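Written below as structure tokens is the structure these notes are about.
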Amino acid sequence: MQDQQQFEQLMLQYNQLKNGSEDIRRMVENEDFDSAMSMLKSREAIFLNCKCMRKFLELTADQEKELNWLLDELKASEKSNIEFLMEN
């Protein structure tokens with residue numbers, strides 16, 4: 001039961017990172033670079049926490065699949081932000 005709760009917490013944090021990535025995109029599009037930088041810095045602690053949780057959490061095959069799907073979305077969003085910044 002505790003593993004399930006920890007998995008749900010992990011998913012919430014990764015969703016928070018994904019939503020933050022989308023927020024950063026909007027800030028950059030609006031040329032609000034100071035806010036975007038602040039948001040980037042505040043996300044570092046969440047990334048580190050996720051890394052620690054993943055290190056010790058034993059996931060089922062279904063959980064691993066769900067997590068990988070979310071991570072792929074997060075990576076795509078971050079990549080899109082980088083490409084947008086490089087083009088502009």
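Identifiers in the structure tokens: chain A, B, ... in order shown; residue index from 1 per chain; ligand index from 1 in order shown.
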Inset, instruction - Find the residues near segment 67-71 of chain A: any atom within 9 Å, counting only C-alpha atoms, skip ones fewer than 2 places away on the same chain, and give them as a list in words. - result: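 The residues that qualify are Phe7, Leu10, Met11, Tyr14, Asn15, Lys18, Asp62, Gln63, Glu64, Lys65, Glu73, Leu74, Lys75 and Ala76 of chain A.
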Inset, instruction - Compare A:Leu17, A:Leu85, A:Ser77, A:Glu66 by their minimum atom-to-atom distance to Phe33 of chain A, counting only C-alpha atoms, and give me the closest one. - result: A:Leu85
Inset, instruction - Write out as a list in words which residues come within 12 Å of Ser35 of chain A when counting only C-alpha atoms, dropping same-chain ones fewer than 5 positions away. - result: Gly20, Asp23, Ile24, Arg25, Arg26, Met27, Val28, Glu29, Asn30, Leu40, Lys41 and Ser42 of chain A
Write to file, as a PDB file, in the first residue's frame, the residues of the selection just made, with C-alpha atoms.
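Contents of the output file again.pdb:
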```pdb
ATOM      1  CA  GLY A  20       5.633  23.864 -14.990  1.00  0.00           C
ATOM      2  CA  ASP A  23       3.969  27.485 -17.819  1.00  0.00           C
ATOM      3  CA  ILE A  24       7.588  28.264 -18.677  1.00  0.00           C
ATOM      4  CA  ARG A  25       6.722  28.066 -22.377  1.00  0.00           C
ATOM      5  CA  ARG A  26       3.984  30.661 -21.928  1.00  0.00           C
ATOM      6  CA  MET A  27       6.322  32.914 -19.933  1.00  0.00           C
ATOM      7  CA  VAL A  28       8.995  32.719 -22.628  1.00  0.00           C
ATOM      8  CA  GLU A  29       6.429  33.405 -25.352  1.00  0.00           C
ATOM      9  CA  ASN A  30       5.363  36.491 -23.364  1.00  0.00           C
ATOM     10  CA  LEU A  40      13.269  26.800 -13.620  1.00  0.00           C
ATOM     11  CA  LYS A  41      15.224  27.221 -10.399  1.00  0.00           C
ATOM     12  CA  SER A  42      12.272  26.235  -8.219  1.00  0.00           C
TER      13      SER A  42
END
```
Legend entry - Surrounding residues of Asn49 of chain A excluding itself and chain neighbours under 4 positions, 9 Å, only C-alpha atoms, as a list in words: Leu10, Gln13, Glu44, Ala45, Met53 and Arg54 of chain A
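Going from atom CA of Asp72 of chain A over to atom CA of Gln2 of chain A, you cover 25.4 Å.
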Inset, instruction - For atom CA of Met86 of chain A and atom CA of Lys51 of chain A, determine how far apart the two atoms are, in Å to one decimal place. - result: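 Between these atoms lies a distance of 27.6 Å.
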Inset, instruction - Quick one: pull the distance between atom CA of Leu59 of chain A and atom CA of Glu78 of chain A, Å, one decimal. - result: 24.6 Å
